[in-house]
Amino acid sequence: MSYRSMTLLRFCSPIVIQARHGHRMRGKAPDIAKSLKERLAPVILDEEVAKRNDIGFPYQKPPRSAEFNKRFDHLKKQRSDSSLEKAARTTKLQINLDDVKVDWFKTAGPFHIRKIAEHYGVYDDLFGKYAYFVPRVFLDIKFPLNEDTVYPVYNGNKVHPLQAKSVPEVSFEHKFALSYSQKPEENTLWTLILTNPDGHLTKENSEYVHWMVSNIPNNDISKGDQIVPYLQPIPPKGTGYHRYIFVLYKQDKKLDLSSMKVTDLKDLEKRTFSTFDFYKNHEDSITPSGLAFFQSKWDESVRDVFHKELNMKQPIFEYDFPKAYLNYQKQFPLKQPFNLYLDRYADPKDVNKRYLEERLAKTHPFEGPEKKLQFPNAHELKKNIPSWKKTEIRKERLGRGRINDAV
Amino acid sequence: MTLPRRFPHNKQIIKRIQNTVKPEEGTKFISNRNPRNLEFLRIAEKPKGYFLDTPFSKPAYFWHKLVVTPSAKYVTAELVHHQNGVVIEASTKEWALKKQLFKTSDTSAYINLARVFANRCLECGITEMSTKPLEGPKVERFMSILRDNGLILTEPPQIDTWSDLTINRYQGKRIVPNDWKEIVEEH
């Protein structure tokens with residue numbers, strides 16, 4: 001018997017042919033077709049157009065020969081340092097973070113700042129989609145609150161409006177050289193702008209300029225021309241985190257920005273600004289070279305600014321969640337609980353109100369709600385109640401259902 | 001663009017779908033263009049992953065995740081965003097760190113890398129990130145120092161706002177996530 005079945009199998013196997021008819025939507029073979037990653041990637045039609053332009057100063061790498069020898073000698077000395085070795089082996093070695101920061105900005109720092117700024121969409125919203133710059137000047141910005149406390153600004157850290165109430169202290173290295181072989185310029189002119197691209201109340205895709213000082217000689221902000229006086233961050237309630245971006249431009253010559261001057265402090269509309277247009281107009285004489293930004297969300301000091309300084313009502317917003325898609329309402333929805341079906345098409349606020357009223361009608365003003373039954377569903381219901389009402393009553397007794405959810 | 005087969009071709013229906021996202025007529029609105037804002041408010045879409053993903057071994061669902069890659073000589077810590085890739089990084093390869101370290105892959109290198117990385121994350125305003133459980137004494141030390149420096153090594157879930165309208169609506173007591181309550185009170 002076994003022999004027979006064996007032969008039969010051997011006999012049959014070449015005849016089995018896999019045929020798949022009717023699968024016409026299969027697409028291309030896996031090797032030829034695009035992978036999911038490729039399909040989800042954005043389509044670039046013209047790479048030349050999509051390429052981003054660097055509008056800042058070029059990166060000047062120090063000559064490798066000098067740098068390499070210096071580093072090599074330093075590491076050699078480091079390896080023969082017995083106290084350092086002891087600290088490392090006992091895991092007590094604590095490197096100096098301030099020194100790390102100084103060296104970081106000289107080497108990889110500017111590129112890291114560019115990366116995080118791109119992550120926060122800074123270049124997209126300030127200079128349009130096709131421009132960027134790598135910050136070459138380190139901006140040291142601090143908001144003083146008391147004599148003891150200051151709030152620094154880095155690359156997107158969170159600072160409350162209350163903490164940023166007063167004018168920040170800004171300092172940067174004003175001696176500037178385009179390349180290592182060049183002697184650094186002694187006398188330089190700068191422009192510093194603080195803008196918020198997120199919170200314009202009337203015009204879409206526009207910015208409010210919170211502070212603008214131009215023609216800053218060397219490092220001294222107080223000697224520059226103040227075009228727009230400082231206004232603390234005013235992110236409206238309910239809109240979340242806003243970006244407040246400091247951009248430092250290096251000027252080739254003196255700029256005349258008197259047409260942009262803001263004198264009326266109470267008019268928020270006059271602070272409307274576009275970094276893109278500003279850069280476009282003065283492209284020949286300014287180059288962006290420093291960047292720092294922080295994020296801020298509503299706190300109580302914002303209300304005071306709106307009421308006292310700007311003389312207007314405080315705007316309050318709510319996030320507009322996408323509504324669920326509902327099909328056309330049918331006159332006779334079959335196979336659906338009709339009460340829930342109707343609730344879905346009614347205004348959710350009305351539905352909530354109805355359930356709340358229903359619940360409050362059963363609540364005594366002084367004695368509170370009815371006492372809970374020990375075995376709620378052991379009690380018999382009236383006989384002439386429809387089944388949908390019965391389920392609602394059962395849920396209500398158990399402390400469930402929409403009637404108990406209504407707030 | 002060709003639409004997938006099951007997508008409605010009826011123009012009226014497409015318009016109704018588009019209208020679910022638009023603000024109602026007559027309402028005043030502003031748009032916050034900060035791309036990270038909705039992630040901080042826990043409203044942004046968090047990738048759900050695909051059917052064949054392995055969510056338990058890899059954190060497949062994240063806005064930001066921490067990746068530590070040790071090599072024979074160096075260690076690198078990276079913060080990866082699900083769309084933008086590597087956003088923040090720190091490595092013992094960097095001259096700034098290497099200059100002060102004795103060795104670039106021993107325990108004290110991990111400790112100091114953690115201090116620098118935590119500092120950079122705080123300076124960039126990103127304090128929450130998802131991590132996968134890592135093994136090894138050095139990496140554990142690394143994680144504990146990140147925690148000491150104020151980073152939170154888990155990410156909160158995306159807020160679910162659809163459940164009221166779906167058929168699977170939770171029938172018991174309504175659950176409002178604690179975070180959402182805080183957010184509502186804060187804003």
# chains A, B, ... in the order shown; residues from 1 in each chain; ligands from 1
$ select_by_dssp --residues "region 118-154 of chain A" --states "alpha helix (DSSP H)" --output "list in words"
Glu118, His119, Val122, Tyr123, Asp124, Asp125, Leu126 and Phe127 of chain A
$ residues_around --residues "region 60-69 of chain B" --least-positions-apart "4" --cutoff "9 Å" --atoms "only C-alpha atoms" --output "number ranges by chain"
B: 39, 44-50, 53-56, 74-83, 87, 126, 128-132, 139, 153-155, 157
$ atom_distance --atom1 "CA of Pro168 (chain A)" --atom2 "CA of Ile245 (chain A)"
12.9 Å
$ residues_around --residues "Gly56 (chain A)" --least-positions-apart "3" --cutoff "9 Å" --atoms "only C-alpha atoms" --output "mmCIF file with N, CA and C atoms, in the first residue's frame"
data_model
loop_
_atom_site.group_PDB
_atom_site.id
_atom_site.type_symbol
_atom_site.label_atom_id
_atom_site.label_comp_id
_atom_site.auth_asym_id
_atom_site.auth_seq_id
_atom_site.Cartn_x
_atom_site.Cartn_y
_atom_site.Cartn_z
ATOM 1 N N TYR A 132 19.098 78.809 3.743
ATOM 2 C CA TYR A 132 19.497 78.511 5.117
ATOM 3 C C TYR A 132 20.825 79.213 5.375
ATOM 4 N N PHE A 133 21.223 79.248 6.623
ATOM 5 C CA PHE A 133 22.586 79.703 6.919
ATOM 6 C C PHE A 133 23.094 78.947 8.133
ATOM 7 N N VAL A 134 24.414 78.814 8.191
ATOM 8 C CA VAL A 134 25.026 78.174 9.344
ATOM 9 C C VAL A 134 25.565 79.278 10.236
ATOM 10 N N PRO A 135 25.100 79.341 11.502
ATOM 11 C CA PRO A 135 25.550 80.462 12.348
ATOM 12 C C PRO A 135 27.035 80.406 12.625
ATOM 13 N N ARG A 136 27.720 81.517 12.298
ATOM 14 C CA ARG A 136 29.172 81.580 12.504
ATOM 15 C C ARG A 136 29.543 82.382 13.741
ATOM 16 N N THR A 287 24.342 90.085 6.020
ATOM 17 C CA THR A 287 24.509 88.628 5.940
ATOM 18 C C THR A 287 24.138 88.030 7.294
ATOM 19 N N PRO A 288 23.193 87.074 7.313
ATOM 20 C CA PRO A 288 22.854 86.458 8.607
ATOM 21 C C PRO A 288 24.032 85.664 9.151
ATOM 22 N N SER A 289 24.352 85.880 10.430
ATOM 23 C CA SER A 289 25.531 85.204 10.955
ATOM 24 C C SER A 289 25.348 84.640 12.357
#
$ closest_residue --among "A:Phe293, A:Phe57, A:Phe276, A:Trp211" --to "Leu126 (chain A)" --atoms "only C-alpha atoms"
A:Phe276
$ select_by_dssp --residues "region 24-232 of chain A" --states "strand (DSSP E)" --output "JSON, numbers by chain"
{"A": [53, 54, 131, 132, 140, 141, 142, 143, 144, 150, 151, 152, 153, 155, 156, 157, 158, 169, 170, 171, 189, 190, 191, 192, 193, 194, 195, 196, 207, 208, 209, 210, 211, 212, 213, 214, 215, 216, 217, 225, 226, 227, 228]}
$ atom_distance --atom1 "CA of Phe246 (chain A)" --atom2 "CA of Ala292 (chain A)"
5.2 Å
$ atom_distance --atom1 "CA of Arg243 (chain A)" --atom2 "CA of Ile145 (chain B)"
29.0 Å
$ closest_residue --among "A:Val150, A:Leu194, A:Leu189, A:Ala66" --to "Asp252 (chain A)" --atoms "only C-alpha atoms"
A:Leu189
$ closest_residue --among "A:Pro333, A:Pro236, A:Pro110, A:Gly290" --to "chain B" --atoms "only C-alpha atoms"
A:Pro236
$ residues_around --residues "region 181-188 of chain A" --least-positions-apart "5" --cutoff "10 Å" --atoms "only C-alpha atoms" --output "list in words"
Gln60, Pro62, Pro63, His174, Lys175, Phe176, Asn215, Ile216, Pro217, Asn218, Asn219, Lys250, Gln251, Asp252, Lys253 and Lys254 of chain A
$ write_last_selection --atoms "N, CA and C atoms" --output "compact mmCIF listing (two decimals), in the first residue's frame"
# COMPACT_ATOMS: atom_id res chain seq x y z
N GLN A 60 35.00 78.14 7.44
CA GLN A 60 36.45 78.20 7.25
C GLN A 60 37.11 77.17 8.15
N PRO A 62 40.16 75.31 9.84
CA PRO A 62 41.57 75.61 10.11
C PRO A 62 42.46 74.61 9.35
N PRO A 63 43.67 75.03 8.96
CA PRO A 63 44.54 74.12 8.20
C PRO A 63 44.83 72.84 8.99
N HIS A 174 32.65 90.32 18.38
CA HIS A 174 32.45 91.24 17.25
C HIS A 174 33.59 91.24 16.26
N LYS A 175 34.76 90.74 16.69
CA LYS A 175 35.89 90.71 15.74
C LYS A 175 35.62 89.58 14.75
N PHE A 176 35.59 89.94 13.48
CA PHE A 176 35.15 88.96 12.49
C PHE A 176 36.14 88.84 11.35
N ASN A 215 22.63 98.92 13.27
CA ASN A 215 23.88 99.70 13.37
C ASN A 215 24.54 99.56 14.74
N ILE A 216 24.62 98.35 15.24
CA ILE A 216 25.26 98.13 16.54
C ILE A 216 26.77 98.19 16.33
N PRO A 217 27.43 99.16 16.92
CA PRO A 217 28.88 99.23 16.73
C PRO A 217 29.57 98.18 17.62
N ASN A 218 30.35 97.35 17.01
CA ASN A 218 31.08 96.27 17.70
C ASN A 218 30.15 95.39 18.53
N ASN A 219 30.17 95.54 19.85
CA ASN A 219 29.44 94.60 20.69
C ASN A 219 28.39 95.32 21.53
N LYS A 250 25.30 90.62 9.97
CA LYS A 250 26.49 91.46 9.88
C LYS A 250 26.29 92.45 8.75
N GLN A 251 26.54 93.72 9.05
CA GLN A 251 26.35 94.76 8.02
C GLN A 251 27.68 95.09 7.36
N ASP A 252 27.59 95.41 6.06
CA ASP A 252 28.78 95.89 5.35
C ASP A 252 28.90 97.40 5.46
N LYS A 253 27.73 98.04 5.56
CA LYS A 253 27.74 99.51 5.68
C LYS A 253 26.61 99.92 6.60
N LYS A 254 26.52 101.19 6.88
CA LYS A 254 25.47 101.68 7.77
C LYS A 254 24.11 101.58 7.07
$ residues_around --residues "region 113-125 of chain B" --least-positions-apart "4" --cutoff "6 Å" --atoms "only C-alpha atoms" --output "list in words"
Tyr154, Asn155, Gly156, Asn157 and Lys158 of chain A; Ala90, Ala109, Phe142 and Leu146 of chain B
$ write_last_selection --atoms "N, CA and C atoms" --output "short mmCIF file (atom, residue, chain, number, x, y, z; two decimals), in the first residue's frame"
data_model
loop_
_atom_site.label_atom_id
_atom_site.label_comp_id
_atom_site.auth_asym_id
_atom_site.auth_seq_id
_atom_site.Cartn_x
_atom_site.Cartn_y
_atom_site.Cartn_z
N TYR A 154 19.06 79.40 24.28
CA TYR A 154 19.93 78.53 23.47
C TYR A 154 19.24 78.27 22.14
N ASN A 155 18.99 77.01 21.84
CA ASN A 155 18.40 76.68 20.55
C ASN A 155 17.06 75.99 20.76
N GLY A 156 16.09 76.73 21.22
CA GLY A 156 14.76 76.16 21.36
C GLY A 156 14.38 75.79 22.77
N ASN A 157 15.14 76.22 23.76
CA ASN A 157 14.75 75.93 25.15
C ASN A 157 13.51 76.73 25.52
N LYS A 158 12.86 76.30 26.61
CA LYS A 158 11.59 76.92 26.96
C LYS A 158 11.79 78.00 28.02
N ALA B 90 25.58 63.71 20.08
CA ALA B 90 26.80 63.94 20.84
C ALA B 90 27.62 62.67 20.75
N ALA B 109 33.73 57.76 30.09
CA ALA B 109 33.37 58.39 28.81
C ALA B 109 31.86 58.38 28.63
N PHE B 142 24.68 55.28 31.77
CA PHE B 142 24.40 56.37 30.83
C PHE B 142 22.96 56.86 30.99
N LEU B 146 21.24 60.44 32.41
CA LEU B 146 20.29 61.25 31.63
C LEU B 146 19.09 61.61 32.50
#
$ decode --residues "region 22-37 of chain B" --atoms "all heavy atoms" --output "compact mmCIF listing (two decimals), in the first residue's frame"
# COMPACT_ATOMS: atom_id res chain seq x y z
N LYS B 22 -11.09 71.89 7.82
CA LYS B 22 -11.13 73.36 7.72
C LYS B 22 -11.85 73.96 8.93
O LYS B 22 -12.79 73.37 9.46
CB LYS B 22 -11.87 73.75 6.45
CG LYS B 22 -11.02 73.59 5.21
CD LYS B 22 -11.80 73.97 3.98
CE LYS B 22 -11.06 73.57 2.74
NZ LYS B 22 -11.91 73.55 1.57
N PRO B 23 -11.41 75.16 9.35
CA PRO B 23 -12.16 75.84 10.41
C PRO B 23 -13.51 76.31 9.89
O PRO B 23 -13.66 76.59 8.70
CB PRO B 23 -11.26 77.02 10.77
CG PRO B 23 -10.40 77.23 9.60
CD PRO B 23 -10.23 75.91 8.92
N GLU B 24 -14.45 76.40 10.80
CA GLU B 24 -15.80 76.82 10.39
C GLU B 24 -15.78 78.27 9.91
O GLU B 24 -14.98 79.08 10.36
CB GLU B 24 -16.76 76.68 11.58
CG GLU B 24 -17.31 75.29 11.72
CD GLU B 24 -18.11 75.16 13.01
OE1 GLU B 24 -18.87 76.09 13.32
OE2 GLU B 24 -17.97 74.13 13.68
N GLU B 25 -16.72 78.58 9.04
CA GLU B 25 -16.77 79.94 8.49
C GLU B 25 -17.13 80.94 9.57
O GLU B 25 -17.98 80.68 10.42
CB GLU B 25 -17.80 80.00 7.36
CG GLU B 25 -17.18 79.69 6.02
CD GLU B 25 -18.20 79.76 4.91
OE1 GLU B 25 -18.99 80.71 4.89
OE2 GLU B 25 -18.20 78.83 4.09
N GLY B 26 -16.46 82.08 9.51
CA GLY B 26 -16.81 83.14 10.45
C GLY B 26 -16.03 83.09 11.75
O GLY B 26 -16.10 84.02 12.52
N THR B 27 -15.27 82.01 11.98
CA THR B 27 -14.51 81.96 13.22
C THR B 27 -13.14 82.60 13.00
O THR B 27 -12.56 82.50 11.92
CB THR B 27 -14.29 80.52 13.70
OG1 THR B 27 -13.78 79.76 12.60
CG2 THR B 27 -15.57 79.89 14.20
N LYS B 28 -12.64 83.26 14.04
CA LYS B 28 -11.31 83.84 13.95
C LYS B 28 -10.31 82.77 14.34
O LYS B 28 -10.51 82.06 15.34
CB LYS B 28 -11.19 85.02 14.90
CG LYS B 28 -11.82 86.28 14.36
CD LYS B 28 -11.55 87.44 15.27
CE LYS B 28 -12.16 88.70 14.70
NZ LYS B 28 -12.03 89.84 15.61
N PHE B 29 -9.27 82.64 13.56
CA PHE B 29 -8.28 81.62 13.90
C PHE B 29 -6.88 82.11 13.59
O PHE B 29 -6.69 82.98 12.75
CB PHE B 29 -8.57 80.31 13.17
CG PHE B 29 -8.38 80.37 11.68
CD1 PHE B 29 -7.17 79.99 11.10
CD2 PHE B 29 -9.39 80.82 10.88
CE1 PHE B 29 -7.00 80.07 9.74
CE2 PHE B 29 -9.23 80.90 9.51
CZ PHE B 29 -8.03 80.52 8.94
N ILE B 30 -5.90 81.56 14.33
CA ILE B 30 -4.51 81.80 13.97
C ILE B 30 -3.86 80.43 13.81
O ILE B 30 -4.31 79.45 14.39
CB ILE B 30 -3.74 82.64 15.02
CG1 ILE B 30 -3.57 81.90 16.33
CG2 ILE B 30 -4.41 83.96 15.24
CD1 ILE B 30 -2.60 82.59 17.26
N SER B 31 -2.83 80.38 13.00
CA SER B 31 -2.14 79.09 12.84
C SER B 31 -0.74 79.20 13.43
O SER B 31 0.03 80.08 13.05
CB SER B 31 -2.10 78.69 11.37
OG SER B 31 -1.66 79.76 10.60
N ASN B 32 -0.47 78.32 14.37
CA ASN B 32 0.86 78.26 14.95
C ASN B 32 1.72 77.41 14.03
O ASN B 32 1.46 76.22 13.85
CB ASN B 32 0.77 77.65 16.34
CG ASN B 32 2.06 77.73 17.10
OD1 ASN B 32 3.12 77.86 16.49
ND2 ASN B 32 1.99 77.64 18.40
N ARG B 33 2.74 78.03 13.44
CA ARG B 33 3.53 77.30 12.44
C ARG B 33 4.66 76.48 13.05
O ARG B 33 5.40 75.83 12.32
CB ARG B 33 4.13 78.31 11.44
CG ARG B 33 3.08 78.92 10.55
CD ARG B 33 3.72 79.70 9.44
NE ARG B 33 4.19 81.01 9.88
CZ ARG B 33 4.97 81.79 9.14
NH1 ARG B 33 5.37 81.40 7.95
NH2 ARG B 33 5.36 82.97 9.59
N ASN B 34 4.80 76.54 14.37
CA ASN B 34 5.88 75.77 15.01
C ASN B 34 5.64 74.27 14.78
O ASN B 34 4.67 73.72 15.27
CB ASN B 34 5.86 76.09 16.51
CG ASN B 34 6.99 75.43 17.26
OD1 ASN B 34 7.75 74.65 16.69
ND2 ASN B 34 7.11 75.76 18.53
N PRO B 35 6.52 73.62 14.02
CA PRO B 35 6.24 72.21 13.68
C PRO B 35 6.29 71.27 14.89
O PRO B 35 5.77 70.16 14.82
CB PRO B 35 7.33 71.88 12.66
CG PRO B 35 8.41 72.86 12.88
CD PRO B 35 7.76 74.09 13.41
N ARG B 36 6.90 71.69 15.99
CA ARG B 36 7.00 70.80 17.15
C ARG B 36 5.89 71.05 18.17
O ARG B 36 5.74 70.29 19.11
CB ARG B 36 8.36 70.99 17.85
CG ARG B 36 9.54 70.73 16.96
CD ARG B 36 9.79 69.25 16.76
NE ARG B 36 8.95 68.62 15.77
CZ ARG B 36 9.12 68.70 14.47
NH1 ARG B 36 10.09 69.40 13.96
NH2 ARG B 36 8.31 68.08 13.64
N ASN B 37 5.12 72.11 17.95
CA ASN B 37 4.13 72.49 18.95
C ASN B 37 3.13 71.38 19.25
O ASN B 37 2.89 71.04 20.40
CB ASN B 37 3.40 73.74 18.46
CG ASN B 37 2.35 74.20 19.43
OD1 ASN B 37 2.56 74.17 20.63
ND2 ASN B 37 1.21 74.60 18.92
